[in-house]
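Printed here is final_34.cif (mmCIF, C-alpha atoms and all ligand atoms):
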data_final
#
loop_
_atom_site.label_atom_id
_atom_site.label_comp_id
_atom_site.auth_asym_id
_atom_site.auth_seq_id
_atom_site.Cartn_x
_atom_site.Cartn_y
_atom_site.Cartn_z
CA MET A 1 92.58 87.20 -36.25
CA CYS A 2 89.16 85.75 -36.01
CA GLY A 3 86.35 85.50 -33.55
CA ILE A 4 84.74 83.67 -30.68
CA VAL A 5 81.30 84.27 -29.15
CA ALA A 6 79.61 82.01 -26.61
CA TYR A 7 76.60 82.33 -24.36
CA VAL A 8 74.92 80.55 -21.48
CA GLY A 9 71.90 81.92 -19.65
CA HIS A 10 68.19 82.48 -19.87
CA ARG A 11 68.04 84.02 -23.34
CA GLU A 12 68.05 82.32 -26.73
CA ALA A 13 71.72 81.70 -27.50
CA CYS A 14 71.61 81.61 -31.29
CA PRO A 15 70.68 85.24 -32.05
CA ILE A 16 73.21 86.50 -29.49
CA ILE A 17 75.95 84.40 -31.05
CA ILE A 18 75.14 85.25 -34.68
CA LYS A 19 74.89 88.95 -33.90
CA GLY A 20 78.14 88.74 -31.95
CA LEU A 21 79.93 87.03 -34.83
CA LYS A 22 78.78 89.86 -37.09
CA ARG A 23 80.21 92.37 -34.67
CA LEU A 24 83.54 90.54 -34.95
CA GLU A 25 83.53 90.43 -38.76
CA TYR A 26 85.94 93.37 -38.88
CA ARG A 27 88.66 91.00 -37.64
CA GLY A 28 88.58 89.07 -40.92
CA TYR A 29 87.61 85.41 -41.45
CA ASP A 30 86.90 82.79 -44.10
CA SER A 31 84.20 80.62 -42.53
CA ALA A 32 81.78 80.57 -39.63
CA GLY A 33 80.10 78.02 -37.42
CA ILE A 34 77.95 77.52 -34.37
CA ALA A 35 77.31 74.76 -31.79
CA LEU A 36 74.00 74.70 -29.95
CA LEU A 37 73.07 72.37 -27.16
CA ASN A 38 69.47 71.34 -26.64
CA GLY A 39 69.26 67.65 -25.93
CA ASN A 40 71.63 67.13 -28.86
CA LEU A 41 74.94 68.87 -29.40
CA ASN A 42 74.42 70.27 -32.91
CA VAL A 43 77.19 71.84 -34.98
CA TYR A 44 76.46 73.91 -38.10
CA LYS A 45 79.27 75.47 -40.11
CA LYS A 46 79.87 76.99 -43.50
CA LYS A 47 82.64 78.44 -45.59
CA GLY A 48 81.98 82.10 -46.30
CA LYS A 49 80.18 84.87 -44.50
CA VAL A 50 78.21 84.74 -41.26
CA SER A 51 75.17 85.58 -43.40
CA GLU A 52 75.68 82.26 -45.25
CA LEU A 53 75.74 80.41 -41.94
CA GLU A 54 72.56 82.27 -41.03
CA SER A 55 70.81 81.10 -44.20
CA PHE A 56 72.07 77.56 -43.60
CA ILE A 57 70.56 77.39 -40.11
CA SER A 58 67.36 79.23 -40.97
CA ASP A 59 65.42 75.94 -41.34
CA LYS A 60 67.09 74.23 -38.35
CA ASP A 61 65.85 74.01 -34.78
CA THR A 62 68.19 76.50 -33.16
CA HIS A 63 66.34 76.78 -29.86
CA SER A 64 68.95 76.68 -27.10
CA HIS A 65 70.13 78.59 -24.06
CA ILE A 66 73.76 77.63 -24.46
CA GLY A 67 76.04 77.70 -27.44
CA MET A 68 79.21 78.94 -29.07
CA GLY A 69 80.14 80.44 -32.42
CA HIS A 70 83.34 81.01 -34.35
CA THR A 71 84.72 82.86 -37.32
CA ARG A 72 87.82 81.14 -38.68
CA TRP A 73 90.93 82.48 -40.30
CA ALA A 74 92.45 79.27 -41.65
CA THR A 75 95.96 78.37 -40.58
CA HIS A 76 95.80 74.56 -40.77
CA GLY A 77 93.80 73.31 -43.72
CA GLU A 78 92.03 75.20 -46.46
CA PRO A 79 88.92 77.26 -45.82
CA ASN A 80 86.02 74.85 -46.31
CA ASP A 81 82.97 73.56 -44.45
CA VAL A 82 84.79 70.64 -42.81
CA ASN A 83 87.71 72.68 -41.50
CA ALA A 84 85.39 75.39 -40.16
CA HIS A 85 84.77 75.38 -36.41
CA PRO A 86 83.30 74.09 -34.09
CA HIS A 87 84.97 70.68 -34.15
CA TYR A 88 83.55 67.63 -32.42
CA SER A 89 85.73 65.17 -30.57
CA SER A 90 85.72 61.59 -31.87
CA SER A 91 82.84 60.62 -29.59
CA ARG A 92 80.93 63.77 -30.68
CA LYS A 93 80.16 64.33 -27.00
CA ILE A 94 82.26 67.48 -26.76
CA ALA A 95 83.16 70.25 -29.19
CA ILE A 96 85.67 73.08 -29.41
CA ILE A 97 86.11 76.47 -31.00
CA HIS A 98 89.68 77.69 -31.19
CA ASN A 99 91.47 80.82 -32.22
CA GLY A 100 95.21 80.50 -32.68
CA ILE A 101 97.79 77.89 -33.63
CA ILE A 102 98.85 74.69 -31.88
CA GLU A 103 102.48 74.33 -32.88
CA ASN A 104 102.96 70.74 -31.72
CA TYR A 105 99.71 69.48 -33.28
CA GLY A 106 101.59 67.11 -35.61
CA SER A 107 103.11 64.97 -32.86
CA LEU A 108 99.91 65.10 -30.80
CA LYS A 109 97.87 64.01 -33.82
CA GLN A 110 100.19 61.08 -34.54
CA HIS A 111 100.02 60.03 -30.90
CA LEU A 112 96.21 60.11 -30.98
CA LYS A 113 96.05 58.33 -34.35
CA ASN A 114 98.19 55.54 -32.90
CA LYS A 115 95.54 55.18 -30.21
CA GLY A 116 92.79 54.85 -32.82
CA TYR A 117 91.47 58.41 -33.04
CA GLU A 118 90.14 59.42 -36.44
CA PHE A 119 90.28 62.94 -37.78
CA HIS A 120 87.85 64.55 -40.18
CA SER A 121 89.50 67.93 -40.67
CA ASP A 122 93.03 69.17 -41.32
CA THR A 123 92.97 71.50 -38.33
CA ASP A 124 95.15 71.68 -35.25
CA SER A 125 91.92 72.47 -33.35
CA GLU A 126 90.44 69.01 -33.89
CA VAL A 127 93.64 67.61 -32.40
CA PHE A 128 93.12 69.81 -29.33
CA ILE A 129 89.58 68.52 -28.66
CA ASN A 130 90.60 64.89 -29.13
CA LEU A 131 93.53 65.42 -26.79
CA ILE A 132 91.08 66.71 -24.18
CA GLU A 133 88.82 63.70 -24.75
CA ASP A 134 91.72 61.29 -24.50
CA ILE A 135 92.97 62.81 -21.24
CA ARG A 136 89.50 62.70 -19.75
CA GLU A 137 88.91 59.08 -20.68
CA ASN A 138 92.35 57.87 -19.63
CA ASN A 139 92.14 59.49 -16.22
CA ASN A 140 88.40 59.26 -15.61
CA ILE A 141 88.27 62.92 -14.59
CA SER A 142 85.90 65.84 -15.13
CA LEU A 143 85.95 67.76 -18.39
CA PRO A 144 87.28 71.01 -16.83
CA GLU A 145 90.09 69.02 -15.26
CA ALA A 146 90.87 67.35 -18.59
CA VAL A 147 90.98 70.75 -20.32
CA ARG A 148 93.32 72.04 -17.61
CA LEU A 149 95.66 69.10 -18.05
CA ALA A 150 95.54 69.44 -21.84
CA LEU A 151 96.81 73.02 -21.51
CA HIS A 152 100.07 71.52 -20.27
CA GLU A 153 100.42 69.45 -23.44
CA VAL A 154 99.79 72.05 -26.14
CA VAL A 155 102.41 74.49 -27.37
CA GLY A 156 101.26 77.60 -29.16
CA ALA A 157 98.53 80.20 -28.96
CA TYR A 158 94.89 79.67 -28.20
CA ALA A 159 91.62 81.02 -27.06
CA ILE A 160 89.22 78.10 -26.76
CA VAL A 161 85.71 77.34 -25.66
CA VAL A 162 84.60 73.77 -25.00
CA ILE A 163 81.01 72.58 -24.70
CA SER A 164 79.78 69.16 -23.65
CA HIS A 165 76.66 67.20 -24.55
CA ASP A 166 76.60 65.85 -20.99
CA SER A 167 76.73 69.25 -19.23
CA PRO A 168 73.96 71.47 -20.54
CA ASN A 169 74.84 74.37 -18.23
CA GLN A 170 78.60 74.47 -18.68
CA LEU A 171 81.08 76.34 -20.85
CA ILE A 172 84.82 75.95 -20.39
CA ALA A 173 87.24 78.54 -21.75
CA ALA A 174 90.97 79.05 -21.69
CA ARG A 175 93.51 81.30 -23.30
CA LYS A 176 97.16 81.82 -24.02
CA GLY A 177 98.19 84.53 -26.42
CA SER A 178 94.73 85.03 -27.99
CA PRO A 179 92.28 87.36 -26.26
CA LEU A 180 89.15 86.22 -24.43
CA VAL A 181 86.67 88.35 -22.50
CA ILE A 182 83.96 87.08 -20.15
CA GLY A 183 80.80 89.16 -19.87
CA VAL A 184 79.06 88.79 -16.52
CA GLY A 185 75.32 89.40 -16.64
CA LYS A 186 72.51 88.55 -14.27
CA ASP A 187 72.33 84.76 -14.32
CA GLU A 188 74.03 84.74 -17.71
CA PHE A 189 77.54 84.77 -19.12
CA PHE A 190 79.08 85.72 -22.42
CA LEU A 191 82.46 84.84 -23.88
CA ALA A 192 84.01 86.73 -26.77
CA SER A 193 87.28 87.66 -28.44
CA ASP A 194 86.64 91.28 -27.56
CA ALA A 195 83.91 93.18 -25.80
CA THR A 196 81.95 94.31 -28.87
CA PRO A 197 79.53 91.33 -28.86
CA ILE A 198 78.96 91.74 -25.11
CA ILE A 199 78.44 95.44 -24.49
CA GLU A 200 74.74 95.58 -25.31
CA TYR A 201 73.98 92.99 -22.62
CA THR A 202 76.33 93.88 -19.76
CA ASN A 203 79.17 96.28 -19.03
CA GLU A 204 80.78 94.00 -16.47
CA VAL A 205 83.62 91.97 -17.89
CA VAL A 206 86.52 89.83 -16.79
CA TYR A 207 89.57 89.64 -19.04
CA LEU A 208 90.98 86.14 -18.89
CA ASN A 209 94.76 86.04 -18.48
CA ASP A 210 97.21 83.74 -20.21
CA TYR A 211 97.21 80.20 -18.84
CA GLU A 212 93.88 80.70 -17.08
CA LEU A 213 90.88 78.43 -17.34
CA ALA A 214 87.33 79.68 -16.82
CA VAL A 215 84.56 77.26 -15.97
CA ILE A 216 81.02 78.60 -16.13
CA ARG A 217 78.72 76.03 -14.60
CA ASP A 218 75.22 76.34 -13.18
CA GLY A 219 75.46 80.13 -13.07
CA GLN A 220 78.83 80.26 -11.32
CA LEU A 221 82.14 81.48 -12.73
CA ASP A 222 85.28 79.73 -11.57
CA ILE A 223 88.68 80.91 -12.76
CA ARG A 224 91.84 78.99 -12.03
CA THR A 225 95.34 78.83 -13.38
CA ARG A 226 96.75 76.00 -15.42
CA GLU A 227 98.37 74.94 -12.13
CA ASP A 228 94.91 74.70 -10.52
CA VAL A 229 95.21 77.77 -8.30
CA ALA A 230 91.81 79.44 -7.89
CA GLN A 231 91.70 83.12 -8.92
CA THR A 232 89.29 85.81 -7.76
CA PRO A 233 87.64 87.18 -10.92
CA TYR A 234 88.53 90.85 -11.40
CA ILE A 235 85.36 92.42 -12.76
CA GLN A 236 85.93 95.60 -14.77
CA LYS A 237 83.35 98.11 -15.97
CA LEU A 238 83.37 98.65 -19.72
CA GLU A 239 83.59 102.25 -20.84
CA LEU A 240 82.72 101.34 -24.41
CA GLU A 241 79.49 102.83 -25.75
CA LEU A 242 77.29 100.61 -27.87
CA GLU A 243 76.75 103.45 -30.37
CA SER A 244 80.47 103.57 -31.07
CA ILE A 245 80.47 99.99 -32.31
CA GLU A 246 76.97 99.84 -33.74
CA LYS A 247 77.05 98.79 -37.35
CA VAL A 248 74.38 97.34 -39.58
CA VAL A 249 73.76 94.49 -37.20
CA THR A 250 70.13 94.46 -36.31
CA ARG A 251 68.22 91.29 -37.05
CA THR A 252 69.24 87.67 -37.17
CA SER A 253 67.21 84.83 -38.63
CA CYS A 254 67.47 82.42 -35.70
N1 LIG A 301 94.34 77.03 -36.32
C1 LIG A 301 92.94 76.91 -36.39
C2 LIG A 301 92.47 76.51 -37.78
O1 LIG A 301 93.21 76.55 -38.72
C3 LIG A 301 92.22 78.16 -35.93
C4 LIG A 301 92.46 79.32 -36.84
C5 LIG A 301 91.81 80.58 -36.29
O2 LIG A 301 92.42 81.22 -35.40
O3 LIG A 301 90.70 80.91 -36.76
O4 LIG A 301 91.37 76.12 -37.95
#
Take the structure in the file and give it back as structure tokens.
Amino acid sequence: MCGIVAYVGHREACPIIIKGLKRLEYRGYDSAGIALLNGNLNVYKKKGKVSELESFISDKDTHSHIGMGHTRWATHGEPNDVNAHPHYSSSRKIAIIHNGIIENYGSLKQHLKNKGYEFHSDTDSEVFINLIEDIRENNNISLPEAVRLALHEVVGAYAIVVISHDSPNQLIAARKGSPLVIGVGKDEFFLASDATPIIEYTNEVVYLNDYELAVIRDGQLDIRTREDVAQTPYIQKLELELESIEKVVTRTSC
């Protein structure tokens, strides 16, 4: 298992994400990466520890109020910088982080290749983001709608977060079989594989269910099923104490 952390709100996203990834290190991983949106959609990723990613980004402009980070446990393609997440779509306008396995990625990849899509990594996750891009472009629909339709095409397990260059206040998440928790703060939202990266900021969380899609846009949380039925978010209070998960995670370099 590996980890997802994402943030949108009024704080700096990078330190929250890096610290959150460190809190998820116990899950095991082989590489780490982060996408930050600030005019450009920038992706930085590295094989190895989160601390290596931290060194790599230490001289980059990481200023951003929205972003997403990932620790990967390779299933499709060896652990290296290119296969690490996030993955851009072909247009580089959108990017994905993904935990899990897309079982039918081979046939989807061939289908997309036949349409001219090029792939840079060996991952099933890059297929997922190009599938989303293809559905959006073919149908001229919104990104959340394209993600929802893509969920009908993929077979397997996933927790995903998708970010778009064109929507600086939007994160889209979905899950089936891999956990995903939404932290609800005051004018800010967190996404993570479990609550440990979230607890120091808010104790109000929503656990996303299988086949649900969460769209966080302009400070609003919308949850709907894969069939497009709107759901009322069930906000739970976390009992977890920060001290019980506190490790040597204090400072980050971004
Ligand atoms: N299947 C994806 C990959 O190989 C995600 C693995 C994971 O869950 O970290 O990149």
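For the pair CA of Glu212 (chain A) and CA of Ser64 (chain A), the interatomic distance is 27.2 Å.
Pairwise distance (CA of Glu118 (chain A), CA of Val43 (chain A)) equals 18.0 Å.
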Please find the residues contacting ligand LIG 301 (chain A) at a distance of at most 9 Å between atoms, with only C-alpha atoms and all ligand atoms counted, and report them as a PyMOL selection string. chain A and resi 1-4+29-31+70-79+83-85+97-102+121-126+157-159+178
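Residue nearest Lys109 (chain A) within the list A:Ser55, A:Glu153, A:Ala13, A:Lys186: A:Glu153 [criterion: smallest interatomic distance, all atoms listed in the file].
Here CA of Leu180 (chain A) stands at a distance of 24.0 Å from CA of Arg136 (chain A).
Within the 12 Å cut-off around Val229 (chain A), using only C-alpha atoms and omitting residues fewer than 2 positions from it on the same chain, the listed residues are A:Arg148, A:Tyr211, A:Glu212, A:Leu213, A:Ala214, A:Asp222, A:Ile223, A:Arg224, A:Thr225, A:Arg226, A:Glu227, A:Gln231, A:Thr232.
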Could you list, as a PDB file with C-alpha atoms, in the coordinates of the input, every residue within 9 Å of Ile216 (chain A), counting all atoms listed in the file and ignoring same-chain residues fewer than 2 positions away?
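Written file, out.pdb:
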ATOM      1  CA  VAL A   8      74.920  80.550 -21.480  1.00  0.00           C
ATOM      2  CA  ASN A 169      74.840  74.370 -18.230  1.00  0.00           C
ATOM      3  CA  GLN A 170      78.600  74.470 -18.680  1.00  0.00           C
ATOM      4  CA  LEU A 171      81.080  76.340 -20.850  1.00  0.00           C
ATOM      5  CA  ILE A 172      84.820  75.950 -20.390  1.00  0.00           C
ATOM      6  CA  ALA A 173      87.240  78.540 -21.750  1.00  0.00           C
ATOM      7  CA  PHE A 189      77.540  84.770 -19.120  1.00  0.00           C
ATOM      8  CA  ALA A 214      87.330  79.680 -16.820  1.00  0.00           C
ATOM      9  CA  ASP A 218      75.220  76.340 -13.180  1.00  0.00           C
ATOM     10  CA  GLY A 219      75.460  80.130 -13.070  1.00  0.00           C
ATOM     11  CA  GLN A 220      78.830  80.260 -11.320  1.00  0.00           C
ATOM     12  CA  LEU A 221      82.140  81.480 -12.730  1.00  0.00           C
ATOM     13  CA  ASP A 222      85.280  79.730 -11.570  1.00  0.00           C
ATOM     14  CA  ILE A 223      88.680  80.910 -12.760  1.00  0.00           C
TER      15      ILE A 223
END
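Minimum atom-to-atom distances from A:Asn80, A:Glu25, A:Ile17, A:Asn138 to Glu54 (chain A) were compared using all atoms listed in the file, and the lowest value belongs to A:Ile17.
Using only C-alpha atoms, the nearest neighbour of Ser107 (chain A) within the list A:Tyr201, A:Tyr7, A:Phe128, A:Tyr234 is A:Phe128.
The nearest approach to Val181 (chain A) among the residues A:Gly33, A:Ile132, A:Gln236, A:Asp228, with only C-alpha atoms taken into account, belongs to A:Gln236.
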Compile the contact shell of Asp166 (chain A) as a PyMOL selection string: residues with an atom at most 12 Å away, counting all atoms listed in the file, same-chain residues fewer than 4 positions apart removed. chain A and resi 37-41+91-95+142-143+162+170-171
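Nearest residue to Tyr88 (chain A), choosing from A:Ser164, A:Leu53, A:Ala32, A:Lys22 and counting only C-alpha atoms: A:Ser164.
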Tell me, as a ChimeraX atom specification, which residues lie within 9 Å of Ile235 (chain A), counting only C-alpha atoms; anything in the same chain fewer than 4 positions away does not count. /A:184,204-207
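Proximity to Val154 (chain A) was assessed for A:Glu12, A:Glu103, A:Asp59, A:Asp210 counting all atoms listed in the file; the smallest distance is recorded for A:Glu103.
Residues lying within 9 Å of (75.4, 80.5, -26.9). Counted over only C-alpha atoms, they are Val5, Ala6, Tyr7, Val8, Gly9, Arg11, Glu12, Ala13, Cys14, Pro15, Ile16, Ile17, Ile34, Ala35, Leu36, Leu37, Ser64, His65, Ile66, Gly67, Met68, Gly69, Phe190 and Leu191 of chain A.
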Fewer than 6 positions away in the same chain doesn't count, so skip those; otherwise give me all residues within 8 Å of Pro179 (chain A), counting only C-alpha atoms, as a list of chain:residue names. A:Ala159, A:Ser193, A:Asp194, A:Leu208
